[in-house]
file input.txt (compact mmCIF, C-alpha atoms)
# COMPACT_ATOMS: atom_id res chain seq x y z
CA MET W 27 -175.18 56.24 3.22
CA ILE W 28 -173.68 55.20 6.54
CA GLY W 29 -171.49 57.87 8.14
CA VAL W 30 -167.85 57.27 9.06
CA THR W 31 -168.59 57.40 12.80
CA GLU W 32 -171.30 54.76 12.54
CA ARG W 33 -169.11 52.68 10.25
CA TRP W 34 -166.33 52.53 12.84
CA ARG W 35 -168.92 51.84 15.56
CA THR W 36 -170.27 48.77 13.75
CA GLU W 37 -167.54 47.56 11.37
CA ARG W 38 -165.79 44.27 12.21
CA VAL W 39 -163.80 43.02 9.22
CA MET W 40 -161.97 46.29 8.58
CA ALA W 41 -161.42 46.78 12.32
CA ALA W 42 -159.97 43.30 12.72
CA MET W 43 -157.61 43.82 9.77
CA TYR W 44 -156.38 47.12 11.18
CA ASP W 45 -155.94 45.68 14.66
CA ALA W 46 -154.01 42.66 13.43
CA GLY W 47 -151.72 44.83 11.31
CA VAL W 48 -150.95 47.55 13.82
CA LYS W 49 -150.01 45.05 16.54
CA HIS W 50 -147.32 43.51 14.33
CA ASP W 51 -144.63 46.16 14.16
CA ARG W 52 -143.01 44.99 10.93
CA VAL W 53 -146.34 44.71 9.12
CA ALA W 54 -147.40 48.14 10.36
CA MET W 55 -144.10 49.72 9.36
CA VAL W 56 -144.18 48.26 5.84
CA GLY W 57 -147.81 49.28 5.40
CA ALA W 58 -147.23 52.83 6.64
CA TRP W 59 -144.18 53.28 4.44
CA THR W 60 -145.99 51.93 1.38
CA MET W 61 -149.16 53.97 1.87
CA TRP W 62 -147.96 57.13 3.57
CA GLY W 63 -144.18 57.26 3.15
CA ALA W 64 -144.00 57.26 6.94
CA ASP W 65 -141.46 55.73 9.33
CA MET W 66 -143.63 54.45 12.18
CA ARG W 67 -140.72 53.66 14.50
CA ARG W 68 -141.42 57.11 15.94
CA MET W 69 -144.93 56.01 16.98
CA PHE W 70 -143.78 52.69 18.43
CA ALA W 71 -141.14 54.51 20.48
CA ASP W 72 -143.82 56.89 21.74
CA VAL W 73 -146.12 54.02 22.73
CA ALA W 74 -143.24 52.34 24.57
CA ARG W 75 -143.05 55.36 26.88
CA LEU W 76 -146.32 54.23 28.48
CA ALA W 77 -144.32 51.56 30.32
CA ASP W 78 -142.55 54.38 32.18
CA THR W 79 -145.71 56.28 33.15
CA PRO W 80 -145.26 57.42 36.77
CA ALA W 81 -147.25 55.81 39.58
CA GLY W 82 -150.61 57.43 40.21
CA THR W 83 -151.01 58.78 36.67
CA SER W 84 -154.52 58.73 35.19
CA VAL W 85 -154.37 57.79 31.50
CA LEU W 86 -157.02 57.95 28.77
CA ASP W 87 -156.28 55.93 25.62
CA ILE W 88 -158.77 56.70 22.83
CA PRO W 89 -159.34 55.12 20.40
CA CYS W 90 -157.74 52.15 22.13
CA GLY W 91 -158.55 49.76 19.27
CA GLY W 92 -157.67 46.22 20.20
CA GLY W 93 -155.08 47.22 22.78
CA PHE W 94 -152.33 48.53 20.52
CA ALA W 95 -150.93 50.93 23.12
CA PHE W 96 -151.65 49.35 26.50
CA ARG W 97 -149.90 46.09 25.57
CA VAL W 98 -146.64 47.77 26.69
CA LEU W 99 -147.81 48.28 30.29
CA ARG W 100 -145.77 46.52 32.96
CA PRO W 101 -147.47 43.91 35.19
CA GLY W 102 -148.91 45.68 38.22
CA GLN W 103 -148.02 49.14 36.91
CA PRO W 104 -149.70 51.50 39.43
CA VAL W 105 -151.61 53.76 37.05
CA ARG W 106 -155.29 54.28 36.30
CA TYR W 107 -155.65 53.28 32.66
CA VAL W 108 -158.91 53.90 30.79
CA ALA W 109 -159.10 52.26 27.35
CA ALA W 110 -161.95 53.79 25.35
CA ASP W 111 -163.29 53.21 21.86
CA ILE W 112 -166.49 53.88 19.94
CA SER W 113 -166.53 50.28 18.68
CA PRO W 114 -167.90 47.54 20.96
CA TYR W 115 -166.08 45.02 18.76
CA MET W 116 -162.72 46.74 19.26
CA LEU W 117 -163.35 46.87 22.99
CA GLN W 118 -164.04 43.14 22.89
CA ARG W 119 -160.66 42.61 21.20
CA ALA W 120 -159.01 44.94 23.70
CA ARG W 121 -160.42 42.95 26.62
CA GLY W 122 -158.99 39.83 25.02
CA GLU W 123 -155.57 41.49 24.81
CA ALA W 124 -155.84 42.47 28.46
CA ARG W 125 -156.68 38.89 29.42
CA ARG W 126 -153.66 37.69 27.46
CA MET W 127 -151.55 40.12 29.48
CA GLN W 128 -153.34 39.08 32.70
CA ALA W 129 -154.18 42.76 33.13
CA GLN W 130 -157.97 42.66 32.73
CA ASP W 131 -158.48 43.95 36.28
CA ALA W 132 -155.99 46.81 35.82
CA ILE W 133 -157.62 48.44 32.79
CA GLU W 134 -161.02 50.15 32.61
CA PHE W 135 -162.85 49.64 29.31
CA VAL W 136 -165.34 52.30 28.22
CA GLU W 137 -167.40 52.76 25.07
CA ALA W 138 -166.97 56.42 24.18
CA ASP W 139 -167.13 58.91 21.33
CA VAL W 140 -164.00 61.08 21.44
CA THR W 141 -165.97 64.10 20.20
CA ALA W 142 -168.46 63.85 23.12
CA LEU W 143 -166.71 62.25 26.07
CA GLN W 144 -168.67 61.31 29.20
CA PHE W 145 -165.74 62.05 31.55
CA ASP W 146 -165.63 65.02 33.90
CA ASP W 147 -163.44 68.04 33.23
CA ALA W 148 -159.80 67.62 34.30
CA SER W 149 -160.08 63.84 34.82
CA PHE W 150 -156.76 62.70 33.31
CA ASP W 151 -153.05 63.44 33.50
CA LEU W 152 -152.24 61.90 30.12
CA CYS W 153 -154.29 61.34 26.98
CA VAL W 154 -153.01 59.31 24.05
CA THR W 155 -154.75 59.14 20.67
CA TYR W 156 -153.07 57.06 17.99
CA ASN W 157 -154.29 56.69 14.40
CA GLY W 158 -157.77 58.03 15.10
CA LEU W 159 -158.13 61.72 14.31
CA HIS W 160 -158.12 61.22 10.53
CA CYS W 161 -161.10 58.84 10.88
CA LEU W 162 -163.33 61.49 12.43
CA PRO W 163 -165.78 63.89 10.79
CA ASP W 164 -164.58 66.61 13.20
CA PRO W 165 -161.01 66.05 14.50
CA ARG W 166 -160.92 69.56 15.95
CA ALA W 167 -163.86 68.70 18.24
CA ALA W 168 -161.98 65.61 19.42
CA LEU W 169 -158.95 67.68 20.42
CA ALA W 170 -161.25 70.12 22.23
CA GLU W 171 -162.72 67.23 24.24
CA LEU W 172 -159.30 65.81 25.05
CA ALA W 173 -158.25 69.26 26.27
CA ARG W 174 -161.38 69.44 28.44
CA VAL W 175 -160.76 66.13 30.21
CA LEU W 176 -157.05 66.81 30.78
CA ARG W 177 -155.84 68.42 33.97
CA PRO W 178 -153.79 71.64 33.67
CA GLY W 179 -150.22 70.53 33.07
CA GLY W 180 -151.45 67.26 31.55
CA THR W 181 -150.00 65.82 28.36
CA LEU W 182 -151.56 64.83 25.05
CA ARG W 183 -149.67 62.56 22.64
CA GLY W 184 -150.83 61.12 19.36
CA THR W 185 -150.63 60.60 15.62
CA SER W 186 -152.79 61.34 12.60
CA CYS W 187 -152.63 61.10 8.84
CA VAL W 188 -152.76 64.59 7.36
CA LYS W 189 -153.46 66.12 3.98
CA GLY W 190 -151.00 68.35 2.15
CA ARG W 191 -147.98 66.07 2.32
CA GLY W 192 -147.97 65.00 -1.33
CA ALA W 193 -150.41 64.58 -4.20
CA ARG W 194 -150.38 60.76 -4.19
CA LYS W 195 -151.05 60.66 -0.45
CA ASP W 196 -153.88 63.19 -0.76
CA VAL W 197 -155.49 61.04 -3.47
CA LEU W 198 -155.30 58.00 -1.18
CA ILE W 199 -156.84 59.96 1.70
CA ALA W 200 -159.66 61.10 -0.62
CA MET W 201 -160.27 57.50 -1.74
CA LEU W 202 -160.40 56.28 1.86
CA ARG W 203 -162.82 59.06 2.73
CA ARG W 204 -165.12 58.08 -0.15
CA ALA W 205 -164.93 54.48 1.07
CA GLY W 206 -166.11 55.61 4.50
CA VAL W 207 -162.84 54.73 6.25
CA PHE W 208 -161.48 58.25 6.76
CA GLY W 209 -163.36 61.33 7.89
CA ASN W 210 -162.16 64.91 7.48
CA ALA W 211 -158.44 64.28 7.89
CA PRO W 212 -156.62 67.40 9.16
CA ARG W 213 -154.38 69.36 6.84
CA ALA W 214 -150.70 69.56 7.72
CA GLY W 215 -150.32 72.27 10.37
CA GLU W 216 -153.95 72.26 11.54
CA ILE W 217 -153.35 70.02 14.55
CA GLU W 218 -150.70 72.39 15.90
CA THR W 219 -153.02 75.37 15.31
CA TRP W 220 -155.89 73.66 17.15
CA LEU W 221 -153.69 72.58 20.05
CA ARG W 222 -152.51 76.15 20.60
CA GLU W 223 -156.10 77.36 20.35
CA PHE W 224 -157.13 74.96 23.13
CA GLY W 225 -154.45 76.11 25.53
CA PHE W 226 -151.64 73.65 24.79
CA ALA W 227 -147.94 74.39 24.76
CA ILE W 228 -146.37 72.42 21.93
CA VAL W 229 -143.65 69.98 22.93
CA THR W 230 -143.13 68.58 19.44
CA VAL W 231 -144.87 68.26 16.11
CA GLU W 232 -143.08 66.08 13.56
CA HIS W 233 -143.96 64.76 10.12
CA SER W 234 -142.96 61.55 8.42
CA GLY W 235 -144.61 61.32 5.05
CA ALA W 236 -148.33 61.94 5.55
CA VAL W 237 -148.25 61.03 9.25
CA GLU W 238 -148.01 63.71 11.94
CA PHE W 239 -146.71 62.94 15.45
CA PHE W 240 -147.53 65.41 18.19
CA GLU W 241 -147.05 65.99 21.90
CA ALA W 242 -148.34 68.97 23.87
CA LYS W 243 -148.90 70.05 27.46
CA LEU W 244 -152.08 71.76 28.61
CA SER W 245 -151.13 75.14 30.00
CA SER W 246 -154.64 76.56 30.45
CA LYS W 247 -158.29 75.53 30.38
CA GLU W 248 -159.38 78.23 27.95
CA ILE W 249 -161.15 76.23 25.27
CA HIS W 250 -162.79 77.94 22.33
CA PRO W 251 -165.30 75.68 20.57
call {"tool": "encode", "arguments": {"input": "input.txt", "output": "structure tokens"}}
result
Amino acid sequence: MIGVTERWRTERVMAAMYDAGVKHDRVAMVGAWTMWGADMRRMFADVARLADTPAGTSVLDIPCGGGFAFRVLRPGQPVRYVAADISPYMLQRARGEARRMQAQDAIEFVEADVTALQFDDASFDLCVTYNGLHCLPDPRAALAELARVLRPGGTLRGTSCVKGRGARKDVLIAMLRRAGVFGNAPRAGEIETWLREFGFAIVTVEHSGAVEFFEAKLSSKEIHP
């Protein structure tokens, strides 16, 4: 049976459906409320903050999908923006979004596995990871890698579906895992525990239904695998 990592690396139909939905705010909000009981306005507000990223900031966006987050960047915004994804198809869609924005020369596109990143230690000031951790077989390893590539004082922001926020939602997560869409989704509270373990100071951890929103600053480089 194909593993969830390989499925996301090669899948096209499911990836296209997700990308089309998440880029239409109303569709995404209705879907998230129906499936997870979550108000996704919190995520859209967080993504919008990328437009105010200070000049000179180095940003890693993984999984970038089809350009869900970087579509808010301002023309000529003076940041280094790396959009990374394990799926060549999603990167193709992301490049198309960048061309639509006339920003194809301002964004670096990289095929990458978030649990084994090819970037040097302390390469980025900001990492964002939206809607990806619950798709991974080892979300803790992904957070460890994001901590490794962040500079001390750098910020990590993201979202994930989590278990333990209601029986119906847990059944849906289990069904999506059996279908090969989800991996080992974190339990509620685990992301905060892992972030502290990897040297982060928590800025905020919030829940809306089965979706967890988090922001943390890296206060040390003491990572414990």
call {"tool": "residues_around", "arguments": {"input": "input.txt", "residues": "Ala71 (chain W)", "least_positions_apart": "4", "cutoff": "12 Å", "atoms": "all atoms listed in the file", "output": "list in words"}}
result
Asp51, Asp65, Met66, Arg67, Arg75, Leu76, Ala77, Asp78, Ala95, Val98, Arg183, Gly184 and Phe239 of chain W
call {"tool": "atom_distance", "arguments": {"input": "input.txt", "atom1": "CA of Gly180 (chain W)", "atom2": "CA of Asp131 (chain W)"}}
result
24.8 Å
call {"tool": "residues_near_point", "arguments": {"input": "input.txt", "point": "(-144.2, 69.8, 21.3)", "cutoff": "7 Å", "atoms": "all atoms listed in the file", "output": "PyMOL selection string"}}
result
chain W and resi 227-231+240-242
call {"tool": "closest_residue", "arguments": {"input": "input.txt", "among": "W:Phe94, W:Tyr44, W:Tyr115, W:Trp59", "to": "Glu137 (chain W)", "atoms": "all atoms listed in the file"}}
result
W:Tyr115
call {"tool": "closest_residue", "arguments": {"input": "input.txt", "among": "W:Thr141, W:Thr79, W:Thr185, W:Asn157", "to": "Leu169 (chain W)", "atoms": "only C-alpha atoms"}}
result
W:Thr141
call {"tool": "closest_residue", "arguments": {"input": "input.txt", "among": "W:Asp146, W:Asp196, W:Asp139, W:Glu232", "to": "Ala168 (chain W)", "atoms": "all atoms listed in the file"}}
result
W:Asp139
call {"tool": "atom_distance", "arguments": {"input": "input.txt", "atom1": "CA of Asn210 (chain W)", "atom2": "CA of Arg38 (chain W)"}}
result
21.5 Å
call {"tool": "atom_distance", "arguments": {"input": "input.txt", "atom1": "CA of Ala142 (chain W)", "atom2": "CA of Gly206 (chain W)"}}
result
20.5 Å
call {"tool": "residues_around", "arguments": {"input": "input.txt", "residues": "Gln128 (chain W)", "least_positions_apart": "6", "cutoff": "12 Å", "atoms": "only C-alpha atoms", "output": "ChimeraX atom specification"}}
result
/W:97,99-102,121-122
call {"tool": "residues_around", "arguments": {"input": "input.txt", "residues": "region 31-33 of chain W", "least_positions_apart": "5", "cutoff": "8 Å", "atoms": "only C-alpha atoms", "output": "short mmCIF file (atom, residue, chain, number, x, y, z; two decimals) with C-alpha atoms, in the frame of the given file"}}
result
data_model
loop_
_atom_site.label_atom_id
_atom_site.label_comp_id
_atom_site.auth_asym_id
_atom_site.auth_seq_id
_atom_site.Cartn_x
_atom_site.Cartn_y
_atom_site.Cartn_z
CA CYS W 161 -161.10 58.84 10.88
CA LEU W 162 -163.33 61.49 12.43
CA PRO W 163 -165.78 63.89 10.79
CA GLY W 206 -166.11 55.61 4.50
CA VAL W 207 -162.84 54.73 6.25
#
call {"tool": "residues_around", "arguments": {"input": "input.txt", "residues": "Met61 (chain W)", "least_positions_apart": "3", "cutoff": "9 Å", "atoms": "only C-alpha atoms", "output": "PyMOL selection string"}}
result
chain W and resi 56-58+64+195+198+236
call {"tool": "closest_residue", "arguments": {"input": "input.txt", "among": "W:Ala170, W:Ala74, W:Met116, W:Met40", "to": "Phe135 (chain W)", "atoms": "only C-alpha atoms"}}
result
W:Met116
call {"tool": "residues_near_point", "arguments": {"input": "input.txt", "point": "(-149.7, 54.6, 39.2)", "cutoff": "6 Å", "atoms": "only C-alpha atoms", "output": "MDAnalysis selection string"}}
result
chainID W and resid 80:83 104:105
call {"tool": "residues_around", "arguments": {"input": "input.txt", "residues": "Val85 (chain W)", "least_positions_apart": "3", "cutoff": "9 Å", "atoms": "all atoms listed in the file", "output": "list in words"}}
result
Thr79, Val105, Arg106, Tyr107, Val108, Ala109, Ser149, Phe150, Asp151, Leu152, Cys153 and Val154 of chain W
call {"tool": "closest_residue", "arguments": {"input": "input.txt", "among": "W:Ala124, W:Arg166, W:Val73, W:Tyr156", "to": "Thr219 (chain W)", "atoms": "all atoms listed in the file"}}
result
W:Arg166
call {"tool": "closest_residue", "arguments": {"input": "input.txt", "among": "W:Arg68, W:Arg222, W:Arg174, W:Lys49", "to": "Arg119 (chain W)", "atoms": "all atoms listed in the file"}}
result
W:Lys49
call {"tool": "build_atoms", "arguments": {"input": "input.txt", "residues": "region 133-148 of chain W", "atoms": "N, CA and C atoms", "output": "mmCIF file, in the frame of the given file"}}
result
data_model
loop_
_atom_site.group_PDB
_atom_site.id
_atom_site.type_symbol
_atom_site.label_atom_id
_atom_site.label_comp_id
_atom_site.auth_asym_id
_atom_site.auth_seq_id
_atom_site.Cartn_x
_atom_site.Cartn_y
_atom_site.Cartn_z
ATOM 1 N N ILE W 133 -157.239 47.521 33.847
ATOM 2 C CA ILE W 133 -157.620 48.440 32.790
ATOM 3 C C ILE W 133 -159.131 48.609 32.783
ATOM 4 N N GLU W 134 -159.599 49.856 32.707
ATOM 5 C CA GLU W 134 -161.020 50.150 32.610
ATOM 6 C C GLU W 134 -161.388 50.279 31.129
ATOM 7 N N PHE W 135 -162.414 49.584 30.699
ATOM 8 C CA PHE W 135 -162.850 49.640 29.310
ATOM 9 C C PHE W 135 -164.167 50.412 29.220
ATOM 10 N N VAL W 136 -164.191 51.399 28.314
ATOM 11 C CA VAL W 136 -165.340 52.300 28.220
ATOM 12 C C VAL W 136 -165.683 52.529 26.753
ATOM 13 N N GLU W 137 -166.957 52.375 26.411
ATOM 14 C CA GLU W 137 -167.400 52.760 25.070
ATOM 15 C C GLU W 137 -167.613 54.270 25.063
ATOM 16 N N ALA W 138 -166.935 54.956 24.158
ATOM 17 C CA ALA W 138 -166.970 56.420 24.180
ATOM 18 C C ALA W 138 -166.709 56.986 22.797
ATOM 19 N N ASP W 139 -167.341 58.121 22.534
ATOM 20 C CA ASP W 139 -167.130 58.910 21.330
ATOM 21 C C ASP W 139 -166.177 60.045 21.708
ATOM 22 N N VAL W 140 -165.020 60.106 21.061
ATOM 23 C CA VAL W 140 -164.000 61.080 21.440
ATOM 24 C C VAL W 140 -164.447 62.519 21.225
ATOM 25 N N THR W 141 -165.471 62.740 20.412
ATOM 26 C CA THR W 141 -165.970 64.100 20.200
ATOM 27 C C THR W 141 -167.040 64.500 21.211
ATOM 28 N N ALA W 142 -167.446 63.561 22.089
ATOM 29 C CA ALA W 142 -168.460 63.850 23.120
ATOM 30 C C ALA W 142 -168.217 62.919 24.300
ATOM 31 N N LEU W 143 -167.124 63.147 24.997
ATOM 32 C CA LEU W 143 -166.710 62.250 26.070
ATOM 33 C C LEU W 143 -167.589 62.401 27.304
ATOM 34 N N GLN W 144 -167.831 61.305 28.003
ATOM 35 C CA GLN W 144 -168.670 61.310 29.200
ATOM 36 C C GLN W 144 -167.876 61.589 30.477
ATOM 37 N N PHE W 145 -166.574 61.833 30.369
ATOM 38 C CA PHE W 145 -165.740 62.050 31.550
ATOM 39 C C PHE W 145 -165.828 63.501 32.022
ATOM 40 N N ASP W 146 -165.626 63.680 33.324
ATOM 41 C CA ASP W 146 -165.630 65.020 33.900
ATOM 42 C C ASP W 146 -164.436 65.833 33.402
ATOM 43 N N ASP W 147 -164.573 67.161 33.518
ATOM 44 C CA ASP W 147 -163.440 68.040 33.230
ATOM 45 C C ASP W 147 -162.242 67.640 34.103
ATOM 46 N N ALA W 148 -161.050 67.802 33.549
ATOM 47 C CA ALA W 148 -159.800 67.620 34.300
ATOM 48 C C ALA W 148 -159.723 66.251 34.989
#
